[in-house]
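One file, model-v9.cif, carrying mmCIF, C-alpha atoms:
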data_run
loop_
_atom_site.group_PDB
_atom_site.id
_atom_site.type_symbol
_atom_site.label_atom_id
_atom_site.label_comp_id
_atom_site.auth_asym_id
_atom_site.auth_seq_id
_atom_site.Cartn_x
_atom_site.Cartn_y
_atom_site.Cartn_z
ATOM 1 C CA MET F 1 8.703 -6.714 18.572
ATOM 2 C CA ILE F 2 5.206 -7.216 17.184
ATOM 3 C CA GLU F 3 4.626 -5.710 13.738
ATOM 4 C CA VAL F 4 1.110 -5.425 12.332
ATOM 5 C CA ARG F 5 1.335 -4.642 8.631
ATOM 6 C CA SER F 6 -1.753 -3.402 6.782
ATOM 7 C CA VAL F 7 -3.992 -5.959 8.509
ATOM 8 C CA THR F 8 -7.624 -6.096 7.421
ATOM 9 C CA LYS F 9 -10.446 -8.384 8.540
ATOM 10 C CA ARG F 10 -13.937 -8.508 7.047
ATOM 11 C CA TYR F 11 -17.111 -10.379 7.821
ATOM 12 C CA GLY F 12 -19.082 -10.184 4.624
ATOM 13 C CA ARG F 13 -19.159 -6.507 3.679
ATOM 14 C CA THR F 14 -18.416 -5.352 7.216
ATOM 15 C CA VAL F 15 -14.813 -4.330 7.846
ATOM 16 C CA VAL F 16 -13.932 -4.997 11.489
ATOM 17 C CA VAL F 17 -10.172 -4.337 11.248
ATOM 18 C CA ASP F 18 -9.309 -1.719 8.659
ATOM 19 C CA ASP F 19 -5.762 -1.660 7.233
ATOM 20 C CA VAL F 20 -4.096 -1.443 10.656
ATOM 21 C CA GLU F 21 -0.406 -0.565 10.870
ATOM 22 C CA LEU F 22 1.088 -0.991 14.331
ATOM 23 C CA THR F 23 4.489 -1.614 15.891
ATOM 24 C CA LEU F 24 4.757 -2.738 19.506
ATOM 25 C CA PRO F 25 8.320 -2.799 20.860
ATOM 26 C CA ALA F 26 9.343 -5.621 23.148
ATOM 27 C CA GLY F 27 8.932 -4.989 26.861
ATOM 28 C CA GLY F 28 6.358 -3.313 29.054
ATOM 29 C CA LEU F 29 2.582 -3.303 29.156
ATOM 30 C CA VAL F 30 0.449 -2.158 26.223
ATOM 31 C CA SER F 31 -3.306 -1.598 26.521
ATOM 32 C CA ILE F 32 -5.656 -1.623 23.541
ATOM 33 C CA ILE F 33 -8.751 0.440 24.288
ATOM 34 C CA GLY F 34 -11.811 1.657 22.402
ATOM 35 C CA PRO F 35 -15.602 1.369 22.264
ATOM 36 C CA ASN F 36 -17.519 -1.826 21.564
ATOM 37 C CA GLY F 37 -17.063 -2.918 17.985
ATOM 38 C CA ALA F 38 -13.768 -1.063 17.594
ATOM 39 C CA GLY F 39 -11.947 -4.230 16.492
ATOM 40 C CA LYS F 40 -9.766 -4.625 19.596
ATOM 41 C CA SER F 41 -10.384 -8.308 20.281
ATOM 42 C CA THR F 42 -10.379 -9.164 16.578
ATOM 43 C CA LEU F 43 -6.980 -7.541 16.133
ATOM 44 C CA LEU F 44 -5.608 -9.371 19.174
ATOM 45 C CA SER F 45 -6.970 -12.669 17.816
ATOM 46 C CA ILE F 46 -5.239 -12.067 14.481
ATOM 47 C CA VAL F 47 -1.945 -11.345 16.242
ATOM 48 C CA ALA F 48 -2.391 -14.591 18.200
ATOM 49 C CA ARG F 49 -3.322 -16.538 15.028
ATOM 50 C CA LEU F 50 -6.717 -17.402 16.432
ATOM 51 C CA LEU F 51 -8.211 -15.676 13.387
ATOM 52 C CA PRO F 52 -6.764 -15.321 9.880
ATOM 53 C CA ALA F 53 -6.353 -11.869 8.397
ATOM 54 C CA ASP F 54 -7.993 -11.194 5.045
ATOM 55 C CA ALA F 55 -5.100 -8.940 4.097
ATOM 56 C CA GLY F 56 -1.775 -7.927 5.569
ATOM 57 C CA SER F 57 0.527 -9.768 7.934
ATOM 58 C CA VAL F 58 1.670 -9.949 11.560
ATOM 59 C CA LEU F 59 5.282 -10.564 12.538
ATOM 60 C CA VAL F 60 6.490 -11.512 16.011
ATOM 61 C CA ASP F 61 10.240 -11.022 16.249
ATOM 62 C CA GLY F 62 10.343 -11.394 12.478
ATOM 63 C CA HIS F 63 8.248 -14.571 12.405
ATOM 64 C CA ASP F 64 5.099 -14.369 10.280
ATOM 65 C CA VAL F 65 2.364 -15.747 12.554
ATOM 66 C CA ALA F 66 0.420 -17.116 9.572
ATOM 67 C CA SER F 67 3.236 -19.424 8.442
ATOM 68 C CA THR F 68 5.335 -20.052 11.553
ATOM 69 C CA PRO F 69 4.961 -23.631 12.880
ATOM 70 C CA GLY F 70 2.615 -23.756 15.854
ATOM 71 C CA ASP F 71 5.151 -25.134 18.298
ATOM 72 C CA VAL F 72 7.631 -22.395 17.414
ATOM 73 C CA LEU F 73 5.033 -19.639 17.785
ATOM 74 C CA ALA F 74 3.762 -21.096 21.070
ATOM 75 C CA ARG F 75 7.206 -20.662 22.579
ATOM 76 C CA ARG F 76 7.172 -16.961 21.748
ATOM 77 C CA LEU F 77 3.569 -15.923 22.211
ATOM 78 C CA ALA F 78 0.836 -16.935 24.681
ATOM 79 C CA VAL F 79 -2.785 -15.810 24.604
ATOM 80 C CA LEU F 80 -5.704 -15.785 27.009
ATOM 81 C CA ARG F 81 -9.010 -15.587 25.199
ATOM 82 C CA GLN F 82 -12.041 -13.764 26.489
ATOM 83 C CA GLU F 83 -14.037 -16.992 26.827
ATOM 84 C CA ASN F 84 -12.427 -19.818 28.806
ATOM 85 C CA HIS F 85 -15.086 -22.448 29.397
ATOM 86 C CA LEU F 86 -13.810 -25.887 30.388
ATOM 87 C CA THR F 87 -15.773 -29.120 30.075
ATOM 88 C CA VAL F 88 -13.465 -31.142 32.335
ATOM 89 C CA ARG F 89 -12.924 -30.806 36.083
ATOM 90 C CA LEU F 90 -9.396 -29.639 36.759
ATOM 91 C CA THR F 91 -7.411 -28.457 39.727
ATOM 92 C CA VAL F 92 -5.683 -25.097 39.568
ATOM 93 C CA ARG F 93 -2.322 -26.817 39.193
ATOM 94 C CA ASP F 94 -3.602 -29.030 36.373
ATOM 95 C CA LEU F 95 -4.803 -25.965 34.489
ATOM 96 C CA VAL F 96 -1.578 -24.027 34.974
ATOM 97 C CA ALA F 97 0.426 -27.070 33.853
ATOM 98 C CA PHE F 98 -1.330 -26.915 30.469
ATOM 99 C CA GLY F 99 0.717 -23.804 29.834
ATOM 100 C CA ARG F 100 3.802 -26.000 29.616
ATOM 101 C CA TYR F 101 2.421 -28.154 26.790
ATOM 102 C CA PRO F 102 4.423 -26.419 24.008
ATOM 103 C CA HIS F 103 7.564 -27.406 25.908
ATOM 104 C CA SER F 104 6.633 -30.715 27.533
ATOM 105 C CA ARG F 105 4.015 -32.237 25.212
ATOM 106 C CA GLY F 106 2.249 -33.398 28.378
ATOM 107 C CA ARG F 107 5.322 -35.010 29.981
ATOM 108 C CA LEU F 108 6.281 -32.530 32.679
ATOM 109 C CA THR F 109 9.942 -32.289 33.632
ATOM 110 C CA THR F 110 11.385 -30.749 36.756
ATOM 111 C CA THR F 111 11.926 -27.576 34.718
ATOM 112 C CA ASP F 112 8.248 -27.545 33.731
ATOM 113 C CA GLU F 113 7.192 -28.071 37.338
ATOM 114 C CA ALA F 114 9.390 -25.149 38.395
ATOM 115 C CA HIS F 115 7.658 -22.884 35.855
ATOM 116 C CA VAL F 116 4.260 -24.014 37.137
ATOM 117 C CA ASP F 117 5.304 -23.310 40.732
ATOM 118 C CA ALA F 118 6.607 -19.871 39.778
ATOM 119 C CA ALA F 119 3.385 -18.955 37.945
ATOM 120 C CA LEU F 120 1.255 -20.102 40.873
ATOM 121 C CA GLU F 121 3.339 -18.036 43.269
ATOM 122 C CA HIS F 122 3.296 -14.969 41.015
ATOM 123 C CA LEU F 123 -0.513 -15.003 40.880
ATOM 124 C CA GLY F 124 -0.899 -15.787 44.582
ATOM 125 C CA LEU F 125 -2.382 -19.232 43.930
ATOM 126 C CA THR F 126 0.063 -21.557 45.667
ATOM 127 C CA ASP F 127 -2.344 -22.295 48.521
ATOM 128 C CA LEU F 128 -5.143 -22.985 46.029
ATOM 129 C CA ALA F 129 -3.162 -25.272 43.707
ATOM 130 C CA GLY F 130 -5.051 -28.396 44.783
ATOM 131 C CA ARG F 131 -8.511 -26.820 44.544
ATOM 132 C CA PHE F 132 -10.817 -27.608 41.653
ATOM 133 C CA LEU F 133 -11.641 -24.641 39.444
ATOM 134 C CA ASP F 134 -15.362 -24.922 40.172
ATOM 135 C CA GLN F 135 -14.555 -24.381 43.851
ATOM 136 C CA LEU F 136 -13.026 -20.966 43.198
ATOM 137 C CA SER F 137 -14.454 -17.493 42.888
ATOM 138 C CA GLY F 138 -14.578 -15.864 39.489
ATOM 139 C CA GLY F 139 -11.559 -13.728 40.302
ATOM 140 C CA GLN F 140 -9.531 -16.732 41.449
ATOM 141 C CA ARG F 141 -10.401 -18.652 38.277
ATOM 142 C CA GLN F 142 -9.315 -15.685 36.171
ATOM 143 C CA ARG F 143 -6.002 -15.582 38.018
ATOM 144 C CA ALA F 144 -5.561 -19.299 37.383
ATOM 145 C CA HIS F 145 -5.999 -18.783 33.632
ATOM 146 C CA VAL F 146 -3.462 -15.942 33.664
ATOM 147 C CA ALA F 147 -1.058 -18.195 35.596
ATOM 148 C CA MET F 148 -1.443 -20.821 32.857
ATOM 149 C CA VAL F 149 -0.432 -18.232 30.258
ATOM 150 C CA LEU F 150 2.562 -17.077 32.311
ATOM 151 C CA ALA F 151 3.695 -20.676 32.841
ATOM 152 C CA GLN F 152 4.035 -20.966 29.067
ATOM 153 C CA ASP F 153 7.109 -18.751 29.550
ATOM 154 C CA THR F 154 6.819 -16.713 26.380
ATOM 155 C CA GLU F 155 8.210 -13.274 25.620
ATOM 156 C CA TYR F 156 4.765 -12.024 24.559
ATOM 157 C CA VAL F 157 1.561 -12.428 26.569
ATOM 158 C CA LEU F 158 -1.765 -11.411 24.997
ATOM 159 C CA LEU F 159 -4.815 -11.044 27.249
ATOM 160 C CA ASP F 160 -8.303 -10.331 25.925
ATOM 161 C CA GLU F 161 -10.358 -8.409 28.499
ATOM 162 C CA PRO F 162 -8.926 -10.119 31.601
ATOM 163 C CA LEU F 163 -10.899 -7.758 33.863
ATOM 164 C CA ASN F 164 -14.266 -9.107 32.698
ATOM 165 C CA ASN F 165 -16.533 -10.027 35.618
ATOM 166 C CA LEU F 166 -14.049 -8.719 38.199
ATOM 167 C CA ASP F 167 -15.024 -6.205 40.865
ATOM 168 C CA MET F 168 -12.881 -3.112 41.492
ATOM 169 C CA LYS F 169 -10.620 -4.746 44.068
ATOM 170 C CA HIS F 170 -9.870 -7.813 41.966
ATOM 171 C CA ALA F 171 -9.528 -5.786 38.780
ATOM 172 C CA ARG F 172 -6.869 -3.688 40.479
ATOM 173 C CA GLN F 173 -5.107 -6.825 41.705
ATOM 174 C CA MET F 174 -5.129 -8.239 38.172
ATOM 175 C CA MET F 175 -3.652 -5.061 36.705
ATOM 176 C CA ARG F 176 -0.940 -5.042 39.361
ATOM 177 C CA MET F 177 -0.081 -8.660 38.561
ATOM 178 C CA MET F 178 0.186 -7.883 34.847
ATOM 179 C CA ARG F 179 2.368 -4.871 35.632
ATOM 180 C CA ARG F 180 4.618 -7.109 37.729
ATOM 181 C CA ALA F 181 4.795 -9.655 34.906
ATOM 182 C CA ALA F 182 6.158 -6.930 32.653
ATOM 183 C CA ASP F 183 8.541 -5.449 35.238
ATOM 184 C CA GLU F 184 9.755 -8.485 37.173
ATOM 185 C CA LEU F 185 9.431 -11.294 34.626
ATOM 186 C CA GLY F 186 10.415 -9.245 31.601
ATOM 187 C CA ARG F 187 7.305 -10.123 29.601
ATOM 188 C CA THR F 188 5.725 -7.996 26.901
ATOM 189 C CA VAL F 189 2.079 -7.836 27.973
ATOM 190 C CA VAL F 190 -0.598 -6.729 25.497
ATOM 191 C CA VAL F 191 -4.067 -6.429 27.005
ATOM 192 C CA VAL F 192 -7.489 -5.444 25.656
ATOM 193 C CA LEU F 193 -9.287 -3.251 28.178
ATOM 194 C CA HIS F 194 -12.523 -1.294 28.423
ATOM 195 C CA ASP F 195 -11.522 0.793 31.451
ATOM 196 C CA ILE F 196 -9.457 3.719 30.215
ATOM 197 C CA ASN F 197 -8.397 4.675 33.732
ATOM 198 C CA PHE F 198 -6.856 1.262 34.368
ATOM 199 C CA ALA F 199 -5.143 1.525 30.996
ATOM 200 C CA ALA F 200 -3.714 4.935 31.877
ATOM 201 C CA ALA F 201 -2.624 3.934 35.381
ATOM 202 C CA TYR F 202 -0.741 0.743 34.501
ATOM 203 C CA SER F 203 0.337 0.913 30.853
ATOM 204 C CA ASP F 204 3.537 2.078 29.230
ATOM 205 C CA ARG F 205 1.708 2.539 25.942
ATOM 206 C CA VAL F 206 -1.947 2.791 24.924
ATOM 207 C CA VAL F 207 -3.405 1.996 21.503
ATOM 208 C CA ALA F 208 -6.890 3.439 20.961
ATOM 209 C CA MET F 209 -9.127 2.000 18.238
ATOM 210 C CA ARG F 210 -12.439 2.996 16.690
ATOM 211 C CA ASP F 211 -14.319 1.503 13.734
ATOM 212 C CA GLY F 212 -11.563 -1.011 13.069
ATOM 213 C CA ALA F 213 -8.761 1.543 12.865
ATOM 214 C CA VAL F 214 -6.109 2.886 15.215
ATOM 215 C CA VAL F 215 -7.191 6.445 16.028
ATOM 216 C CA VAL F 216 -4.377 7.444 18.354
ATOM 217 C CA GLN F 217 -1.530 5.748 20.190
ATOM 218 C CA GLY F 218 1.157 6.802 22.605
ATOM 219 C CA THR F 219 1.933 7.144 26.273
ATOM 220 C CA PRO F 220 -0.946 7.434 28.763
ATOM 221 C CA ALA F 221 -0.258 11.170 29.022
ATOM 222 C CA GLN F 222 -0.647 11.521 25.252
ATOM 223 C CA ILE F 223 -3.881 9.501 25.173
ATOM 224 C CA MET F 224 -5.520 10.952 28.276
ATOM 225 C CA THR F 225 -6.610 14.286 26.854
ATOM 226 C CA PRO F 226 -10.182 15.423 26.195
ATOM 227 C CA GLU F 227 -9.381 15.800 22.493
ATOM 228 C CA ALA F 228 -7.910 12.327 22.039
ATOM 229 C CA LEU F 229 -10.645 10.625 24.065
ATOM 230 C CA HIS F 230 -13.355 12.450 22.127
ATOM 231 C CA ALA F 231 -11.832 11.178 18.872
ATOM 232 C CA VAL F 232 -12.013 7.619 20.227
ATOM 233 C CA TYR F 233 -15.327 7.583 22.094
ATOM 234 C CA ASP F 234 -17.254 10.456 20.441
ATOM 235 C CA MET F 235 -18.183 11.955 23.792
ATOM 236 C CA ASP F 236 -16.945 14.729 26.026
ATOM 237 C CA ILE F 237 -14.629 13.292 28.665
ATOM 238 C CA ALA F 238 -12.985 15.488 31.269
ATOM 239 C CA VAL F 239 -9.474 14.551 32.367
ATOM 240 C CA HIS F 240 -8.320 15.480 35.879
ATOM 241 C CA ASP F 241 -4.975 15.240 37.592
ATOM 242 C CA VAL F 242 -5.328 13.037 40.672
ATOM 243 C CA ALA F 243 -2.172 12.535 42.731
ATOM 244 C CA GLY F 244 -0.085 13.215 39.638
ATOM 245 C CA ALA F 245 -1.938 10.777 37.383
ATOM 246 C CA PRO F 246 -4.575 11.509 34.699
ATOM 247 C CA LEU F 247 -8.107 10.362 35.522
ATOM 248 C CA ALA F 248 -10.966 10.391 33.018
ATOM 249 C CA ALA F 249 -14.419 11.368 34.298
ATOM 250 C CA TYR F 250 -17.182 10.149 32.022
ATOM 251 C CA TYR F 251 -20.018 9.132 34.340
ATOM 252 C CA VAL F 252 -21.730 12.536 34.387
#
File written out as structure tokens:
Amino acid sequence: MIEVRSVTKRYGRTVVVDDVELTLPAGGLVSIIGPNGAGKSTLLSIVARLLPADAGSVLVDGHDVASTPGDVLARRLAVLRQENHLTVRLTVRDLVAFGRYPHSRGRLTTTDEAHVDAALEHLGLTDLAGRFLDQLSGGQRQRAHVAMVLAQDTEYVLLDEPLNNLDMKHARQMMRMMRRAADELGRTVVVVLHDINFAAAYSDRVVAMRDGAVVVQGTPAQIMTPEALHAVYDMDIAVHDVAGAPLAAYYV
């Protein structure tokens, strides 16, 4: 379980995360949605200890992320940042193997290799394992980074806008892979998304933020109402039932 307790983050006089209280049970896929500047990525970075909170605390299975030793936290929680620029030329397998560093310290065992193989297979990258990253499409590179995170073999996987720069087909593939990671691998996946329809279609739980605060949270059915979406996005959004699933229409 991830517990966010009264977490606040400021930059100067600007409050970007405002006294957030949040409990995310273990298991399933959670999407964090909201407009630009809502504090989604900042909150995720605080949970992942990429940023310090100015107030409050975050606990992962009872471990305070601010004081837990890095190697202990890295065996429980893995994160994929929004920006993943590399200055060295790596193969897909080399990149995915980095996910095993908290366990292997760079000396891969047969167990580590098995985790790398499993992550490559899960993301459909086995045939591309020997390719250099700069020889891949943007979607393939994104899958390789997600495979690296899965190879870390943690209970909790945090992904910051993994659909960035992906077209519709590859975005759908990515969401399906994250859903499978939750269902088949037993991971707790927490993902920051901009597309509310993807969030509704694939998530067990949705957390909606605005102006640094959690406005509403619940199941997709609870979030996907005109009233709730208006409170989050300050615009009129119609919600339709399409093949038994809620679909938000906000392009007209």
>> Report as JSON, numbers by chain all protein, DNA and RNA residues lying within 12 Å of Leu108 (chain F), evaluated on only C-alpha atoms, omitting residues in the same chain fewer than 5 positions from it.
In response: {"F": [94, 96, 97, 98, 99, 100, 101, 102, 103, 113, 114, 115, 116]}
>> Would you pick out the contacts of Ala248 (chain F) at 12 Å or less, using only C-alpha atoms, so that residues sharing its chain but fewer than 2 positions from it are not included, and give the list as JSON, numbers by chain?
In response: {"F": [195, 196, 197, 198, 199, 200, 201, 220, 221, 223, 224, 225, 226, 227, 228, 229, 230, 235, 236, 237, 238, 239, 240, 241, 242, 245, 246, 250, 251, 252]}
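In this comparison, which uses only C-alpha atoms, the residue of F:Ala151, F:Leu133, F:Ala26, F:Leu43 approaching Ala119 (chain F) most closely is F:Ala151.
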>> Quick one: residues within 10 Å of Ser67 (chain F), only C-alpha atoms, excluding same-chain residues fewer than 6 positions away - as number ranges by chain?
In response: F: 49, 59, 73
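Restricting the calculation to only C-alpha atoms, the smallest distance between Val149 (chain F) and any of F:Val232, F:Leu90, F:Leu123, F:Leu50 is found for F:Leu123.
Residues matched by the PyMOL selection byres ((chain F and resi 166) around 12) in this structure: F:Ser137, F:Gly138, F:Gly139, F:Gln140, F:Arg141, F:Gln142, F:Arg143, F:Glu161, F:Pro162, F:Leu163, F:Asn164, F:Asn165, F:Asp167, F:Met168, F:Lys169, F:His170, F:Ala171, F:Arg172, F:Gln173, F:Met174, F:Met175, F:Asp195.
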>> Under the PyMOL selection byres ((chain F and resi 5) around 10), which residues of this model are included? Write them out as a PyMOL selection string.
In response: chain F and resi 2-4+6-8+19-23+55-59
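Interatomic distance, CA of Lys9 (chain F) to CA of Asp54 (chain F): 5.1 Å.
In this model, the gap between CA of Asp64 (chain F) and CA of Met148 (chain F) comes to 24.4 Å.
Coordinates place CA of Thr68 (chain F) at a distance of 28.1 Å from CA of Ala208 (chain F).
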> For Gly130 (chain F), which of F:Leu95, F:Leu80, F:Gly34, F:Val65 is the closest residue, counting all atoms listed in the file?
Replying inline: F:Leu95
> Looking at only C-alpha atoms, which of F:Ser203, F:His194, F:Ala118, F:Asp211 is the one that sits closest to Ile33 (chain F)?
Replying inline: F:His194
> Mind telling me what the PyMOL selection byres ((chain F and resi 209) around 9) catches here, as number ranges by chain?
Replying inline: F: 32-35, 38-40, 207-208, 210-217, 232
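Proximity of F:Gly62, F:Ala249, F:Arg13, F:Gly124 to Arg176 (chain F), computed with all atoms listed in the file, is greatest for F:Gly124.
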Can I get region 168-195 of chain F with N, CA and C atoms filled in, as a PDB file, keeping the file's coordinate frame?
ATOM      1  N   MET F 168     -13.956  -4.099  41.503  1.00  0.00           N
ATOM      2  CA  MET F 168     -12.881  -3.112  41.492  1.00  0.00           C
ATOM      3  C   MET F 168     -11.612  -3.626  42.169  1.00  0.00           C
ATOM      4  N   LYS F 169     -11.780  -4.270  43.327  1.00  0.00           N
ATOM      5  CA  LYS F 169     -10.620  -4.746  44.068  1.00  0.00           C
ATOM      6  C   LYS F 169      -9.836  -5.779  43.266  1.00  0.00           C
ATOM      7  N   HIS F 170     -10.562  -6.757  42.691  1.00  0.00           N
ATOM      8  CA  HIS F 170      -9.870  -7.813  41.966  1.00  0.00           C
ATOM      9  C   HIS F 170      -9.358  -7.343  40.612  1.00  0.00           C
ATOM     10  N   ALA F 171     -10.039  -6.361  40.021  1.00  0.00           N
ATOM     11  CA  ALA F 171      -9.528  -5.786  38.780  1.00  0.00           C
ATOM     12  C   ALA F 171      -8.203  -5.082  39.037  1.00  0.00           C
ATOM     13  N   ARG F 172      -8.124  -4.349  40.135  1.00  0.00           N
ATOM     14  CA  ARG F 172      -6.869  -3.688  40.479  1.00  0.00           C
ATOM     15  C   ARG F 172      -5.767  -4.706  40.744  1.00  0.00           C
ATOM     16  N   GLN F 173      -6.090  -5.778  41.451  1.00  0.00           N
ATOM     17  CA  GLN F 173      -5.107  -6.825  41.705  1.00  0.00           C
ATOM     18  C   GLN F 173      -4.594  -7.424  40.399  1.00  0.00           C
ATOM     19  N   MET F 174      -5.522  -7.659  39.450  1.00  0.00           N
ATOM     20  CA  MET F 174      -5.129  -8.239  38.172  1.00  0.00           C
ATOM     21  C   MET F 174      -4.197  -7.305  37.414  1.00  0.00           C
ATOM     22  N   MET F 175      -4.520  -6.002  37.396  1.00  0.00           N
ATOM     23  CA  MET F 175      -3.652  -5.061  36.705  1.00  0.00           C
ATOM     24  C   MET F 175      -2.271  -4.996  37.361  1.00  0.00           C
ATOM     25  N   ARG F 176      -2.228  -5.053  38.670  1.00  0.00           N
ATOM     26  CA  ARG F 176      -0.940  -5.042  39.361  1.00  0.00           C
ATOM     27  C   ARG F 176      -0.116  -6.277  39.021  1.00  0.00           C
ATOM     28  N   MET F 177      -0.788  -7.426  38.910  1.00  0.00           N
ATOM     29  CA  MET F 177      -0.081  -8.660  38.561  1.00  0.00           C
ATOM     30  C   MET F 177       0.469  -8.601  37.138  1.00  0.00           C
ATOM     31  N   MET F 178      -0.297  -8.021  36.228  1.00  0.00           N
ATOM     32  CA  MET F 178       0.186  -7.883  34.847  1.00  0.00           C
ATOM     33  C   MET F 178       1.346  -6.902  34.775  1.00  0.00           C
ATOM     34  N   ARG F 179       1.274  -5.825  35.566  1.00  0.00           N
ATOM     35  CA  ARG F 179       2.368  -4.871  35.632  1.00  0.00           C
ATOM     36  C   ARG F 179       3.633  -5.553  36.154  1.00  0.00           C
ATOM     37  N   ARG F 180       3.478  -6.371  37.173  1.00  0.00           N
ATOM     38  CA  ARG F 180       4.618  -7.109  37.729  1.00  0.00           C
ATOM     39  C   ARG F 180       5.189  -8.094  36.717  1.00  0.00           C
ATOM     40  N   ALA F 181       4.321  -8.718  35.929  1.00  0.00           N
ATOM     41  CA  ALA F 181       4.795  -9.655  34.906  1.00  0.00           C
ATOM     42  C   ALA F 181       5.690  -8.941  33.902  1.00  0.00           C
ATOM     43  N   ALA F 182       5.331  -7.706  33.574  1.00  0.00           N
ATOM     44  CA  ALA F 182       6.158  -6.930  32.653  1.00  0.00           C
ATOM     45  C   ALA F 182       7.460  -6.494  33.322  1.00  0.00           C
ATOM     46  N   ASP F 183       7.374  -6.025  34.569  1.00  0.00           N
ATOM     47  CA  ASP F 183       8.541  -5.449  35.238  1.00  0.00           C
ATOM     48  C   ASP F 183       9.487  -6.498  35.805  1.00  0.00           C
ATOM     49  N   GLU F 184       8.920  -7.522  36.449  1.00  0.00           N
ATOM     50  CA  GLU F 184       9.755  -8.485  37.173  1.00  0.00           C
ATOM     51  C   GLU F 184      10.092  -9.719  36.341  1.00  0.00           C
ATOM     52  N   LEU F 185       9.188 -10.100  35.441  1.00  0.00           N
ATOM     53  CA  LEU F 185       9.431 -11.294  34.626  1.00  0.00           C
ATOM     54  C   LEU F 185       9.917 -10.948  33.222  1.00  0.00           C
ATOM     55  N   GLY F 186       9.909  -9.667  32.896  1.00  0.00           N
ATOM     56  CA  GLY F 186      10.415  -9.245  31.601  1.00  0.00           C
ATOM     57  C   GLY F 186       9.516  -9.582  30.429  1.00  0.00           C
ATOM     58  N   ARG F 187       8.224  -9.780  30.684  1.00  0.00           N
ATOM     59  CA  ARG F 187       7.305 -10.123  29.601  1.00  0.00           C
ATOM     60  C   ARG F 187       6.810  -8.864  28.886  1.00  0.00           C
ATOM     61  N   THR F 188       6.441  -9.031  27.640  1.00  0.00           N
ATOM     62  CA  THR F 188       5.725  -7.996  26.901  1.00  0.00           C
ATOM     63  C   THR F 188       4.245  -8.343  26.995  1.00  0.00           C
ATOM     64  N   VAL F 189       3.483  -7.548  27.710  1.00  0.00           N
ATOM     65  CA  VAL F 189       2.079  -7.836  27.973  1.00  0.00           C
ATOM     66  C   VAL F 189       1.221  -6.905  27.128  1.00  0.00           C
ATOM     67  N   VAL F 190       0.346  -7.497  26.315  1.00  0.00           N
ATOM     68  CA  VAL F 190      -0.598  -6.729  25.497  1.00  0.00           C
ATOM     69  C   VAL F 190      -1.999  -7.116  25.939  1.00  0.00           C
ATOM     70  N   VAL F 191      -2.785  -6.133  26.379  1.00  0.00           N
ATOM     71  CA  VAL F 191      -4.067  -6.429  27.005  1.00  0.00           C
ATOM     72  C   VAL F 191      -5.156  -5.559  26.396  1.00  0.00           C
ATOM     73  N   VAL F 192      -6.299  -6.173  26.097  1.00  0.00           N
ATOM     74  CA  VAL F 192      -7.489  -5.444  25.656  1.00  0.00           C
ATOM     75  C   VAL F 192      -8.281  -5.056  26.891  1.00  0.00           C
ATOM     76  N   LEU F 193      -8.570  -3.757  27.015  1.00  0.00           N
ATOM     77  CA  LEU F 193      -9.287  -3.251  28.178  1.00  0.00           C
ATOM     78  C   LEU F 193     -10.433  -2.344  27.748  1.00  0.00           C
ATOM     79  N   HIS F 194     -11.466  -2.276  28.607  1.00  0.00           N
ATOM     80  CA  HIS F 194     -12.523  -1.294  28.423  1.00  0.00           C
ATOM     81  C   HIS F 194     -12.333  -0.085  29.333  1.00  0.00           C
ATOM     82  N   ASP F 195     -11.673  -0.279  30.467  1.00  0.00           N
ATOM     83  CA  ASP F 195     -11.522   0.793  31.451  1.00  0.00           C
ATOM     84  C   ASP F 195     -10.309   1.642  31.110  1.00  0.00           C
TER      85      ASP F 195
END
